[in-house]
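Just model05.csv here, CSV, C-alpha atoms:
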```
chain,number,residue,atom,x,y,z
A,1,MET,CA,-7.1,4.8,8.6
A,2,PRO,CA,-8.6,2.0,10.7
A,3,LYS,CA,-5.9,0.6,12.9
A,4,ALA,CA,-4.0,-2.5,12.0
A,5,GLY,CA,-4.8,-5.7,13.9
A,6,ARG,CA,-8.6,-5.2,13.7
A,7,TYR,CA,-10.6,-6.5,10.8
A,8,HIS,CA,-12.4,-4.1,8.5
A,9,GLU,CA,-13.8,-5.3,5.2
A,10,GLY,CA,-12.0,-3.6,2.3
A,11,VAL,CA,-9.5,-1.5,4.4
A,12,PRO,CA,-6.0,-1.3,3.0
A,13,CYS,CA,-4.2,-3.6,5.5
A,14,TRP,CA,-0.9,-4.7,3.9
A,15,VAL,CA,1.5,-3.7,1.2
A,16,GLU,CA,3.9,-5.9,-0.7
A,17,LEU,CA,6.8,-5.2,-3.1
A,18,GLY,CA,7.2,-7.3,-6.1
A,19,ALA,CA,11.0,-7.1,-6.3
A,20,VAL,CA,13.3,-7.8,-9.3
A,21,ASP,CA,16.2,-8.5,-6.9
A,22,LEU,CA,15.2,-9.3,-3.3
A,23,GLY,CA,18.7,-8.6,-1.9
A,24,ARG,CA,18.9,-5.2,-3.6
A,25,ALA,CA,15.4,-4.3,-2.4
A,26,ARG,CA,16.3,-5.3,1.2
A,27,ARG,CA,19.3,-3.0,1.0
A,28,PHE,CA,17.4,0.0,-0.3
A,29,TYR,CA,14.4,-0.2,2.1
A,30,GLY,CA,16.5,-1.2,5.0
A,31,GLY,CA,18.7,1.8,4.4
A,32,LEU,CA,15.7,4.1,3.9
A,33,PHE,CA,13.4,3.0,6.7
A,34,GLY,CA,15.6,1.0,9.0
A,35,TRP,CA,13.6,-2.2,8.3
A,36,GLU,CA,14.9,-5.6,9.3
A,37,PHE,CA,13.8,-8.7,7.4
A,38,VAL,CA,12.6,-12.2,8.3
A,39,GLU,CA,13.1,-14.7,5.6
A,40,LEU,CA,10.2,-17.1,5.0
A,41,PRO,CA,9.6,-19.6,2.2
A,42,GLY,CA,9.3,-17.6,-1.0
A,43,TRP,CA,9.2,-14.2,0.5
A,44,SER,CA,10.7,-11.7,3.0
A,45,VAL,CA,8.8,-9.9,5.7
A,46,ALA,CA,10.0,-6.4,6.6
A,47,THR,CA,9.8,-5.6,10.3
A,48,LEU,CA,10.1,-2.4,12.3
A,49,ARG,CA,10.6,-2.7,16.1
A,50,GLY,CA,9.6,-6.3,15.8
A,51,ALA,CA,6.3,-5.6,14.0
A,52,GLN,CA,5.5,-6.8,10.5
A,53,VAL,CA,5.2,-3.8,8.2
A,54,ALA,CA,5.5,-5.0,4.6
A,55,GLY,CA,6.3,-8.0,2.4
A,56,LEU,CA,8.8,-8.5,-0.4
A,57,THR,CA,8.3,-11.2,-3.0
A,58,ALA,CA,10.4,-12.1,-6.1
A,59,ARG,CA,9.3,-11.0,-9.5
A,60,PRO,CA,10.1,-13.1,-12.6
A,61,PRO,CA,12.9,-11.8,-14.9
A,62,GLY,CA,11.8,-8.9,-17.0
A,63,ALA,CA,8.9,-7.9,-14.8
A,64,ALA,CA,8.7,-4.3,-13.4
A,65,GLN,CA,9.2,-3.7,-9.7
A,66,SER,CA,6.1,-2.3,-8.0
A,67,TRP,CA,4.2,-2.0,-4.7
A,68,THR,CA,0.8,-3.7,-4.3
A,69,THR,CA,-1.9,-2.7,-1.8
A,70,TYR,CA,-3.9,-5.5,-0.2
A,71,LEU,CA,-7.4,-5.0,1.0
A,72,ALA,CA,-8.7,-6.9,4.1
A,73,VAL,CA,-11.5,-9.5,3.4
A,74,ALA,CA,-13.4,-12.0,5.5
A,75,ASP,CA,-13.4,-14.6,2.8
A,76,ALA,CA,-10.8,-14.3,-0.1
A,77,ALA,CA,-12.5,-17.0,-2.2
A,78,ARG,CA,-16.0,-15.3,-1.9
A,79,THR,CA,-14.6,-11.8,-2.7
A,80,ALA,CA,-12.6,-13.2,-5.7
A,81,GLU,CA,-15.9,-14.5,-7.1
A,82,GLU,CA,-17.5,-11.0,-6.8
A,83,VAL,CA,-14.7,-9.2,-8.6
A,84,PRO,CA,-15.6,-10.4,-12.2
A,85,ALA,CA,-19.3,-9.8,-11.5
A,86,ALA,CA,-18.4,-6.1,-10.8
A,87,GLY,CA,-16.3,-5.8,-14.0
A,88,GLY,CA,-12.8,-6.6,-12.6
A,89,ARG,CA,-10.5,-9.6,-13.2
A,90,VAL,CA,-8.9,-12.2,-10.9
A,91,LEU,CA,-5.2,-12.3,-11.7
A,92,ARG,CA,-4.3,-15.0,-9.1
A,93,GLU,CA,-6.8,-17.2,-7.5
A,94,PRO,CA,-6.8,-17.4,-3.6
A,95,TYR,CA,-3.7,-19.0,-2.3
A,96,GLU,CA,-2.4,-19.8,1.2
A,97,VAL,CA,0.1,-17.4,2.7
A,98,PRO,CA,2.9,-19.2,4.6
A,99,PRO,CA,3.4,-19.9,7.4
A,100,GLU,CA,-0.3,-20.4,8.0
A,101,GLN,CA,-1.0,-16.7,8.0
A,102,GLY,CA,-4.1,-16.8,5.9
A,103,TRP,CA,-5.2,-16.5,2.3
A,104,ALA,CA,-4.4,-13.9,-0.4
A,105,ALA,CA,-5.4,-13.3,-4.0
A,106,LEU,CA,-4.6,-10.7,-6.7
A,107,ALA,CA,-7.1,-8.9,-8.8
A,108,ALA,CA,-7.6,-5.9,-11.1
A,109,ASP,CA,-10.4,-3.4,-11.2
A,110,PRO,CA,-12.2,-2.4,-14.4
A,111,GLY,CA,-9.5,0.2,-15.2
A,112,GLY,CA,-6.7,-2.3,-14.7
A,113,ALA,CA,-5.4,-1.2,-11.3
A,114,VAL,CA,-4.0,-4.2,-9.5
A,115,PHE,CA,-4.8,-4.8,-5.9
A,116,GLY,CA,-4.6,-7.8,-3.5
A,117,LEU,CA,-7.1,-9.5,-1.2
A,118,ARG,CA,-5.9,-10.5,2.3
A,119,GLN,CA,-7.8,-12.9,4.6
A,120,GLY,CA,-5.9,-13.2,7.9
A,121,LEU,CA,-5.8,-16.1,10.3
A,122,LEU,CA,-3.1,-15.3,12.8
A,123,TRP,CA,-3.1,-11.5,12.0
A,124,GLN,CA,-5.1,-9.0,10.0
A,125,GLY,CA,-2.3,-7.0,8.3
A,126,ALA,CA,0.5,-4.6,9.2
A,127,GLY,CA,1.5,-4.5,12.8
A,128,LEU,CA,2.3,-0.8,12.7
A,129,VAL,CA,0.6,1.9,10.6
A,130,ASP,CA,0.6,5.7,10.6
A,131,GLU,CA,4.1,5.9,12.0
A,132,PRO,CA,7.5,7.0,10.5
A,133,ALA,CA,8.8,4.2,8.2
A,134,ALA,CA,5.5,2.4,8.2
A,135,PHE,CA,2.6,2.2,5.7
A,136,SER,CA,0.2,5.1,6.3
A,137,TRP,CA,-2.2,5.4,3.3
A,138,SER,CA,-3.2,4.0,-0.1
A,139,GLU,CA,-4.8,6.0,-2.9
A,140,LEU,CA,-6.3,4.8,-6.1
A,141,HIS,CA,-5.6,6.9,-9.2
A,142,SER,CA,-8.0,6.3,-12.1
A,143,PRO,CA,-8.9,8.1,-15.4
A,144,ASP,CA,-12.5,7.1,-14.7
A,145,PRO,CA,-13.1,7.7,-10.9
A,146,ASP,CA,-16.9,7.2,-11.2
A,147,ARG,CA,-16.4,3.7,-12.6
A,148,ALA,CA,-13.8,2.9,-10.0
A,149,ARG,CA,-16.0,4.1,-7.2
A,150,ALA,CA,-18.9,2.0,-8.4
A,151,PHE,CA,-16.7,-1.1,-8.6
A,152,TYR,CA,-15.2,-0.8,-5.1
A,153,ARG,CA,-18.6,0.1,-3.6
A,154,ARG,CA,-20.1,-3.1,-5.1
A,155,VAL,CA,-17.3,-5.4,-4.1
A,156,PHE,CA,-16.3,-3.9,-0.7
A,157,GLY,CA,-19.2,-1.7,0.3
A,158,TYR,CA,-17.2,1.5,0.3
A,159,GLU,CA,-18.9,4.7,1.4
A,160,TYR,CA,-17.7,7.9,-0.1
A,161,GLY,CA,-17.3,11.2,1.7
A,162,ARG,CA,-16.1,14.7,0.8
A,163,GLU,CA,-13.4,15.5,-1.7
A,164,SER,CA,-10.0,16.4,-0.1
A,165,ASP,CA,-6.9,17.6,-2.0
A,166,GLY,CA,-8.5,16.6,-5.3
A,167,ALA,CA,-9.5,13.0,-4.2
A,168,THR,CA,-12.7,11.4,-2.9
A,169,LEU,CA,-12.2,9.8,0.5
A,170,PHE,CA,-13.7,6.3,1.0
A,171,ARG,CA,-14.8,5.1,4.4
A,172,VAL,CA,-14.9,1.7,6.0
A,173,ASP,CA,-17.0,1.2,9.1
A,174,GLY,CA,-17.4,5.0,9.1
A,175,LEU,CA,-13.6,5.7,9.2
A,176,PRO,CA,-11.5,7.2,6.5
A,177,ALA,CA,-9.6,4.4,4.9
A,178,GLY,CA,-8.2,5.7,1.6
A,179,ALA,CA,-9.0,7.8,-1.5
A,180,ILE,CA,-9.9,7.6,-5.1
A,181,ALA,CA,-8.5,10.4,-7.4
A,182,LEU,CA,-8.5,11.3,-11.0
A,183,GLY,CA,-5.2,10.3,-12.7
A,184,PRO,CA,-3.9,9.6,-16.2
A,185,ASP,CA,-3.3,5.9,-15.4
A,186,SER,CA,-4.9,3.4,-13.1
A,187,GLY,CA,-3.0,2.2,-10.1
A,188,TRP,CA,-2.9,2.2,-6.3
A,189,SER,CA,-0.2,4.4,-4.8
A,190,VAL,CA,1.4,3.4,-1.5
A,191,HIS,CA,2.3,6.1,1.1
A,192,PHE,CA,4.9,5.6,3.9
A,193,GLY,CA,5.1,7.9,6.8
A,194,THR,CA,8.2,9.9,7.7
A,195,ALA,CA,9.2,12.3,10.4
A,196,ASP,CA,11.0,14.5,7.9
A,197,THR,CA,10.1,14.3,4.2
A,198,ASP,CA,13.0,16.4,3.0
A,199,LEU,CA,15.6,14.2,4.8
A,200,ALA,CA,13.9,11.0,3.6
A,201,VAL,CA,14.0,12.3,0.0
A,202,ALA,CA,17.7,13.1,0.4
A,203,ARG,CA,18.2,9.5,1.6
A,204,VAL,CA,16.3,8.1,-1.4
A,205,ARG,CA,18.8,9.9,-3.7
A,206,ASP,CA,21.8,8.6,-1.6
A,207,LEU,CA,20.5,5.1,-2.0
A,208,GLY,CA,20.1,5.4,-5.8
A,209,GLY,CA,16.5,6.2,-6.1
A,210,THR,CA,14.9,9.1,-7.9
A,211,VAL,CA,12.5,11.9,-7.0
A,212,LEU,CA,9.4,12.3,-9.2
A,213,THR,CA,7.8,15.2,-7.3
A,214,ALA,CA,9.8,17.4,-4.8
A,215,PRO,CA,8.5,17.7,-1.3
A,216,GLU,CA,5.5,20.0,-1.0
A,217,PRO,CA,3.0,20.9,1.7
A,218,THR,CA,-0.4,19.2,1.9
A,219,PRO,CA,-3.2,19.3,4.5
A,220,TYR,CA,-1.9,16.0,5.7
A,221,GLY,CA,1.8,16.6,5.9
A,222,ARG,CA,4.7,17.3,3.6
A,223,ARG,CA,4.6,14.9,0.6
A,224,ALA,CA,6.9,13.7,-2.1
A,225,VAL,CA,6.7,11.0,-4.8
A,226,VAL,CA,9.8,8.9,-5.4
A,227,ARG,CA,11.1,5.8,-7.1
A,228,ASP,CA,13.3,3.2,-5.5
A,229,ASP,CA,16.6,2.2,-7.1
A,230,ALA,CA,14.8,-0.4,-9.3
A,231,GLY,CA,12.0,1.9,-10.4
A,232,ALA,CA,9.1,1.2,-8.1
A,233,PRO,CA,7.2,4.4,-7.3
A,234,PHE,CA,5.9,5.2,-3.8
A,235,THR,CA,5.0,8.3,-1.7
A,236,LEU,CA,6.6,9.7,1.4
A,237,ILE,CA,4.3,11.7,3.6
A,238,GLY,CA,5.3,13.7,6.7
A,239,LEU,CA,3.2,12.7,9.7
A,240,PRO,CA,2.2,15.9,11.6
A,241,SER,CA,2.7,14.2,15.1
A,242,ALA,CA,6.2,13.1,14.2
A,243,GLU,CA,7.1,16.5,12.7
A,244,ARG,CA,5.8,18.3,15.8
A,245,SER,CA,7.9,16.0,17.9
A,246,LEU,CA,11.1,16.9,16.0
A,247,ALA,CA,10.3,20.6,16.3
A,248,ALA,CA,9.8,20.4,20.1
```
Using C-alpha coordinates, write down the structure from this file.
Amino acid sequence: MPKAGRYHEGVPCWVELGAVDLGRARRFYGGLFGWEFVELPGWSVATLRGAQVAGLTARPPGAAQSWTTYLAVADAARTAEEVPAAGGRVLREPYEVPPEQGWAALAADPGGAVFGLRQGLLWQGAGLVDEPAAFSWSELHSPDPDRARAFYRRVFGYEYGRESDGATLFRVDGLPAGAIALGPDSGWSVHFGTADTDLAVARVRDLGGTVLTAPEPTPYGRRAVVRDDAGAPFTLIGLPSAERSLAA
(Lines of atoms letter the chains of each structure in order from A and count residues from 1; the text may use other names and numbers.)
(Lines give C-alpha, C1' and ligand atoms only; values in the text may rest on other atoms or scores of the structure.)
Protein backbone atom coordinates (compact mmCIF):
# COMPACT_ATOMS: atom_id res chain seq x y z
CA MET A 1 0.00 0.00 0.00
CA PRO A 2 1.17 3.64 -0.37
CA LYS A 3 3.40 4.48 2.55
CA ALA A 4 2.08 6.32 5.59
CA GLY A 5 3.03 9.95 6.02
CA ARG A 6 2.43 10.82 2.34
CA TYR A 7 -0.99 12.00 1.23
CA HIS A 8 -2.94 9.89 -1.30
CA GLU A 9 -6.66 10.57 -1.83
CA GLY A 10 -8.73 7.57 -0.75
CA VAL A 11 -5.91 5.39 0.54
CA PRO A 12 -6.62 3.52 3.82
CA CYS A 13 -4.47 5.57 6.18
CA TRP A 14 -5.69 4.90 9.73
CA VAL A 15 -7.65 2.33 11.73
CA GLU A 16 -9.59 2.89 14.92
CA LEU A 17 -11.23 0.52 17.38
CA GLY A 18 -14.59 1.45 18.84
CA ALA A 19 -14.12 -0.24 22.22
CA VAL A 20 -16.78 -1.23 24.74
CA ASP A 21 -14.15 -1.01 27.51
CA LEU A 22 -11.00 1.00 26.76
CA GLY A 23 -8.98 -0.54 29.58
CA ARG A 24 -9.82 -4.06 28.46
CA ALA A 25 -9.01 -3.21 24.83
CA ARG A 26 -5.64 -1.76 25.82
CA ARG A 27 -4.79 -4.94 27.73
CA PHE A 28 -5.73 -7.21 24.82
CA TYR A 29 -3.95 -5.32 22.05
CA GLY A 30 -1.02 -4.39 24.24
CA GLY A 31 -0.60 -8.08 25.04
CA LEU A 32 -0.99 -9.15 21.42
CA PHE A 33 1.05 -6.52 19.60
CA GLY A 34 3.16 -4.91 22.29
CA TRP A 35 1.42 -1.58 21.75
CA GLU A 36 1.83 1.26 24.22
CA PHE A 37 -0.85 3.90 24.62
CA VAL A 38 -0.99 7.67 24.82
CA GLU A 39 -4.10 9.01 26.53
CA LEU A 40 -5.70 12.01 24.81
CA PRO A 41 -9.04 13.73 25.49
CA GLY A 42 -11.73 11.23 24.52
CA TRP A 43 -9.49 8.58 23.01
CA SER A 44 -6.28 6.57 23.19
CA VAL A 45 -3.55 6.38 20.56
CA ALA A 46 -1.68 3.09 20.23
CA THR A 47 2.03 3.46 19.52
CA LEU A 48 4.72 1.06 18.36
CA ARG A 49 8.36 2.10 18.75
CA GLY A 50 7.11 5.64 19.28
CA ALA A 51 5.00 5.80 16.10
CA GLN A 52 1.21 6.15 16.09
CA VAL A 53 -0.34 2.97 14.67
CA ALA A 54 -4.05 2.92 15.68
CA GLY A 55 -6.71 4.70 17.70
CA LEU A 56 -9.11 3.51 20.39
CA THR A 57 -12.34 5.31 21.19
CA ALA A 58 -15.11 4.47 23.66
CA ARG A 59 -18.37 3.00 22.34
CA PRO A 60 -21.65 3.70 24.14
CA PRO A 61 -23.12 0.92 26.32
CA GLY A 62 -24.70 -1.84 24.27
CA ALA A 63 -22.77 -1.08 21.07
CA ALA A 64 -20.65 -3.73 19.38
CA GLN A 65 -16.87 -3.47 19.42
CA SER A 66 -15.41 -3.09 15.93
CA TRP A 67 -12.56 -1.73 13.82
CA THR A 68 -13.06 1.13 11.35
CA THR A 69 -10.87 1.90 8.34
CA TYR A 70 -10.25 5.59 7.59
CA LEU A 71 -9.55 6.84 4.07
CA ALA A 72 -7.30 9.83 3.47
CA VAL A 73 -8.94 12.93 1.98
CA ALA A 74 -7.77 16.44 1.19
CA ASP A 75 -11.02 18.00 2.39
CA ALA A 76 -13.28 16.02 4.75
CA ALA A 77 -16.20 18.43 4.39
CA ARG A 78 -16.14 18.33 0.59
CA THR A 79 -15.85 14.53 0.47
CA ALA A 80 -18.68 14.17 3.00
CA GLU A 81 -20.88 16.15 0.60
CA GLU A 82 -20.02 13.75 -2.23
CA VAL A 83 -20.96 10.60 -0.28
CA PRO A 84 -24.79 11.01 -0.45
CA ALA A 85 -24.63 12.00 -4.12
CA ALA A 86 -22.95 8.65 -4.82
CA GLY A 87 -25.56 6.68 -2.87
CA GLY A 88 -23.93 6.53 0.58
CA ARG A 89 -24.75 8.12 3.93
CA VAL A 90 -22.88 10.44 6.28
CA LEU A 91 -23.10 9.01 9.80
CA ARG A 92 -21.09 11.70 11.55
CA GLU A 93 -20.39 15.09 10.05
CA PRO A 94 -16.74 16.24 9.91
CA TYR A 95 -15.30 16.94 13.35
CA GLU A 96 -11.94 18.14 14.61
CA VAL A 97 -9.54 15.45 15.84
CA PRO A 98 -7.71 16.53 19.01
CA PRO A 99 -5.11 17.73 19.61
CA GLU A 100 -5.26 19.74 16.34
CA GLN A 101 -4.47 16.67 14.25
CA GLY A 102 -7.00 17.35 11.51
CA TRP A 103 -10.58 16.46 10.67
CA ALA A 104 -12.50 13.20 10.48
CA ALA A 105 -15.98 11.99 9.55
CA LEU A 106 -17.87 8.69 9.44
CA ALA A 107 -19.85 7.43 6.46
CA ALA A 108 -21.42 4.31 5.00
CA ASP A 109 -21.38 3.13 1.40
CA PRO A 110 -24.58 2.02 -0.42
CA GLY A 111 -24.24 -1.50 1.03
CA GLY A 112 -23.95 -0.19 4.59
CA ALA A 113 -20.18 -0.70 5.06
CA VAL A 114 -18.93 1.91 7.53
CA PHE A 115 -15.70 3.79 6.85
CA GLY A 116 -14.06 6.97 8.04
CA LEU A 117 -12.63 10.04 6.33
CA ARG A 118 -9.37 11.48 7.61
CA GLN A 119 -8.00 14.92 6.73
CA GLY A 120 -4.61 15.35 8.34
CA LEU A 121 -2.94 18.55 9.45
CA LEU A 122 0.08 17.49 11.49
CA TRP A 123 0.16 13.96 10.05
CA GLN A 124 -1.49 11.92 7.32
CA GLY A 125 -2.16 8.65 9.12
CA ALA A 126 -0.38 5.72 10.71
CA GLY A 127 3.32 6.27 11.35
CA LEU A 128 4.13 2.61 10.64
CA VAL A 129 2.50 0.29 8.10
CA ASP A 130 3.35 -3.08 6.56
CA GLU A 131 5.34 -4.18 9.62
CA PRO A 132 4.62 -6.78 12.32
CA ALA A 133 2.06 -5.42 14.84
CA ALA A 134 1.10 -2.59 12.47
CA PHE A 135 -1.79 -2.01 10.08
CA SER A 136 -1.00 -3.56 6.70
CA TRP A 137 -4.14 -3.81 4.54
CA SER A 138 -7.89 -3.11 4.37
CA GLU A 139 -10.36 -5.05 2.28
CA LEU A 140 -14.02 -4.30 1.61
CA HIS A 141 -16.42 -7.24 1.52
CA SER A 142 -19.73 -6.63 -0.23
CA PRO A 143 -22.63 -8.74 -1.53
CA ASP A 144 -22.69 -6.36 -4.54
CA PRO A 145 -19.06 -5.63 -5.49
CA ASP A 146 -20.03 -3.88 -8.75
CA ARG A 147 -22.13 -1.34 -6.86
CA ALA A 148 -19.38 -0.87 -4.30
CA ARG A 149 -16.73 -0.34 -6.97
CA ALA A 150 -18.91 2.31 -8.66
CA PHE A 151 -19.39 4.16 -5.37
CA TYR A 152 -15.71 4.27 -4.41
CA ARG A 153 -14.66 5.19 -7.94
CA ARG A 154 -17.03 8.15 -7.93
CA VAL A 155 -16.11 9.41 -4.46
CA PHE A 156 -12.38 8.63 -4.38
CA GLY A 157 -11.41 8.03 -7.99
CA TYR A 158 -10.32 4.43 -7.42
CA GLU A 159 -8.81 2.59 -10.34
CA TYR A 160 -9.34 -1.16 -10.46
CA GLY A 161 -6.80 -3.75 -11.48
CA ARG A 162 -6.64 -7.49 -11.73
CA GLU A 163 -8.42 -9.91 -9.45
CA SER A 164 -6.23 -11.54 -6.83
CA ASP A 165 -7.25 -14.25 -4.37
CA GLY A 166 -10.92 -13.65 -5.23
CA ALA A 167 -10.77 -9.87 -4.76
CA THR A 168 -10.43 -6.89 -7.11
CA LEU A 169 -7.47 -4.68 -6.22
CA PHE A 170 -8.03 -0.93 -6.16
CA ARG A 171 -5.24 1.49 -6.90
CA VAL A 172 -4.49 5.02 -5.72
CA ASP A 173 -1.95 7.03 -7.69
CA GLY A 174 -1.12 3.82 -9.53
CA LEU A 175 -0.24 1.87 -6.36
CA PRO A 176 -2.21 -1.06 -4.86
CA ALA A 177 -4.08 0.33 -1.86
CA GLY A 178 -6.71 -2.27 -0.93
CA ALA A 179 -9.27 -4.67 -2.36
CA ILE A 180 -13.00 -5.16 -2.85
CA ALA A 181 -14.27 -8.73 -2.60
CA LEU A 182 -17.59 -10.58 -2.74
CA GLY A 183 -18.93 -11.38 0.72
CA PRO A 184 -22.27 -12.13 2.41
CA ASP A 185 -22.16 -8.92 4.46
CA SER A 186 -20.85 -5.42 3.80
CA GLY A 187 -17.87 -4.29 5.84
CA TRP A 188 -14.22 -3.27 5.78
CA SER A 189 -11.82 -5.83 7.25
CA VAL A 190 -8.62 -4.62 8.91
CA HIS A 191 -5.39 -6.62 8.53
CA PHE A 192 -2.45 -6.42 10.93
CA GLY A 193 0.98 -7.73 10.00
CA THR A 194 2.73 -10.44 11.96
CA ALA A 195 6.09 -12.17 11.79
CA ASP A 196 4.48 -15.52 12.69
CA THR A 197 0.75 -15.95 12.15
CA ASP A 198 0.51 -19.23 14.07
CA LEU A 199 2.18 -17.77 17.17
CA ALA A 200 -0.03 -14.67 16.95
CA VAL A 201 -3.17 -16.83 16.76
CA ALA A 202 -2.05 -18.76 19.83
CA ARG A 203 -1.55 -15.45 21.63
CA VAL A 204 -5.06 -14.33 20.63
CA ARG A 205 -6.45 -17.45 22.32
CA ASP A 206 -4.31 -16.89 25.42
CA LEU A 207 -5.72 -13.36 25.71
CA GLY A 208 -9.34 -14.54 25.50
CA GLY A 209 -9.96 -13.99 21.81
CA THR A 210 -11.36 -16.51 19.33
CA VAL A 211 -10.25 -17.85 15.96
CA LEU A 212 -12.73 -17.64 13.07
CA THR A 213 -10.51 -19.13 10.36
CA ALA A 214 -7.33 -21.05 11.14
CA PRO A 215 -4.02 -19.89 9.64
CA GLU A 216 -3.77 -20.73 5.95
CA PRO A 217 -1.30 -19.88 3.19
CA THR A 218 -2.10 -17.10 0.71
CA PRO A 219 -0.01 -15.43 -2.02
CA TYR A 220 0.64 -12.58 0.44
CA GLY A 221 1.50 -14.51 3.58
CA ARG A 222 -0.09 -16.87 6.08
CA ARG A 223 -3.49 -15.47 7.09
CA ALA A 224 -6.03 -16.01 9.89
CA VAL A 225 -9.25 -14.23 10.87
CA VAL A 226 -9.79 -13.75 14.60
CA ARG A 227 -11.89 -11.85 17.12
CA ASP A 228 -10.60 -9.96 20.11
CA ASP A 229 -11.89 -10.71 23.61
CA ALA A 230 -14.86 -8.36 23.12
CA GLY A 231 -15.87 -9.72 19.71
CA ALA A 232 -14.26 -7.34 17.18
CA PRO A 233 -13.02 -9.26 14.11
CA PHE A 234 -9.69 -8.54 12.42
CA THR A 235 -7.19 -10.37 10.23
CA LEU A 236 -3.62 -11.41 10.95
CA ILE A 237 -1.37 -11.64 7.90
CA GLY A 238 2.18 -12.95 7.87
CA LEU A 239 4.56 -10.52 6.21
CA PRO A 240 6.94 -12.41 3.90
CA SER A 241 9.94 -10.21 4.76
CA ALA A 242 9.40 -10.80 8.50
CA GLU A 243 8.85 -14.54 7.98
CA ARG A 244 12.08 -14.80 5.98
CA SER A 245 13.92 -12.91 8.70
CA LEU A 246 12.74 -15.41 11.32
CA ALA A 247 13.79 -18.33 9.14
CA ALA A 248 17.28 -16.94 8.51
Q | Interatomic distance, CA of Leu239 in chain A to CA of Trp14 in chain A (Å, one decimal) | A | 18.8 Å
Q | Minimum-distance residue to Phe135 in chain A, chosen among A:Ala46, A:Ala86, A:Val53, A:Leu40 (using all atoms listed in the file) | A |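 Looking only at the distances to Phe135 in chain A, the closest residue turns out to be A:Val53.
Taking all atoms listed in the file, the non-local environment of Pro215 in chain A within 8 Å (same-chain residues fewer than 5 positions away omitted) comprises A:Thr197, A:Asp198, A:Val201, A:Arg222, A:Arg223, A:Ala224, A:Val225.
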Q.
When you look at Gly120 in chain A with a cut-off of 8 Å (counting only C-alpha atoms), what residues show up, excluding the ones that are within fewer than 6 positions of it in the same chain? I need them as a PyMOL selection string.
A. chain A and resi 72+74+101-103
Q. What gap, in Å, lies between CA of His8 in chain A and CA of Glu159 in chain A?
A. 13.0 Å
Q: Can you work out the spacing between CA of Thr213 in chain A and CA of Pro240 in chain A in Å, to one decimal?
A: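 A separation of 19.7 Å between them.
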Q | Shell around Phe33 in chain A at 9 Å using all atoms listed in the file, local window under 6 positions removed, as a PyMOL selection string | A | chain A and resi 48+132-134+194+200
For Ser186 in chain A, work out the shell of residues within 7 Å, counting all atoms listed in the file and skipping chain neighbours fewer than 4 positions away, then give it as a short mmCIF file (atom, residue, chain, number, x, y, z; two decimals) with C-alpha atoms, in the coordinates of the input.
```
data_model
loop_
_atom_site.label_atom_id
_atom_site.label_comp_id
_atom_site.auth_asym_id
_atom_site.auth_seq_id
_atom_site.Cartn_x
_atom_site.Cartn_y
_atom_site.Cartn_z
CA GLY A 111 -9.50 0.20 -15.20
CA GLY A 112 -6.70 -2.30 -14.70
CA ALA A 113 -5.40 -1.20 -11.30
CA HIS A 141 -5.60 6.90 -9.20
CA SER A 142 -8.00 6.30 -12.10
CA PRO A 143 -8.90 8.10 -15.40
#
```
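Remark: for Thr218 in chain A, the closest of the candidate residues A:Asp173, A:Ala85, A:Ile237, A:Phe192 is A:Ile237 (distances computed over all atoms listed in the file).
In terms of minimum interatomic distance to Trp43 in chain A, A:Gly18 ranks closest within A:Gly221, A:Gly18, A:Gly31, A:Gly231, counting only C-alpha atoms.
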Test item: residues at most 12 Å from Gly174 in chain A, only C-alpha atoms, excluding those fewer than 6 positions along its chain, as an mmCIF file with C-alpha atoms, in the coordinates of the input:
```cif
data_model
loop_
_atom_site.group_PDB
_atom_site.id
_atom_site.type_symbol
_atom_site.label_atom_id
_atom_site.label_comp_id
_atom_site.auth_asym_id
_atom_site.auth_seq_id
_atom_site.Cartn_x
_atom_site.Cartn_y
_atom_site.Cartn_z
ATOM 1 C CA MET A 1 -7.100 4.800 8.600
ATOM 2 C CA PRO A 2 -8.600 2.000 10.700
ATOM 3 C CA HIS A 8 -12.400 -4.100 8.500
ATOM 4 C CA GLU A 9 -13.800 -5.300 5.200
ATOM 5 C CA VAL A 11 -9.500 -1.500 4.400
ATOM 6 C CA GLY A 157 -19.200 -1.700 0.300
ATOM 7 C CA TYR A 158 -17.200 1.500 0.300
ATOM 8 C CA GLU A 159 -18.900 4.700 1.400
ATOM 9 C CA TYR A 160 -17.700 7.900 -0.100
ATOM 10 C CA GLY A 161 -17.300 11.200 1.700
#
```
Q: Go through A:Trp137, A:Trp67, A:Tyr95, A:Trp188 one by one, measure the shortest atom-to-atom distance of each to Tyr220 in chain A using all atoms listed in the file, and give the residue with the smallest value.
A: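 Among the listed residues, the smallest separation from Tyr220 in chain A belongs to A:Trp137.
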Q. From the set A:Ala105, A:Val83, A:Leu199, A:Ala64, which residue has the shortest atom-to-atom contact distance to Pro233 in chain A, counting all atoms listed in the file?
A.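 Among A:Ala105, A:Val83, A:Leu199, A:Ala64, it is A:Ala64 that comes nearest to Pro233 in chain A.
Compared by their closest atoms to Arg59 in chain A, and using all atoms listed in the file, the residues A:Arg118, A:Ala108, A:Glu216, A:Glu16 rank with A:Glu16 nearest.
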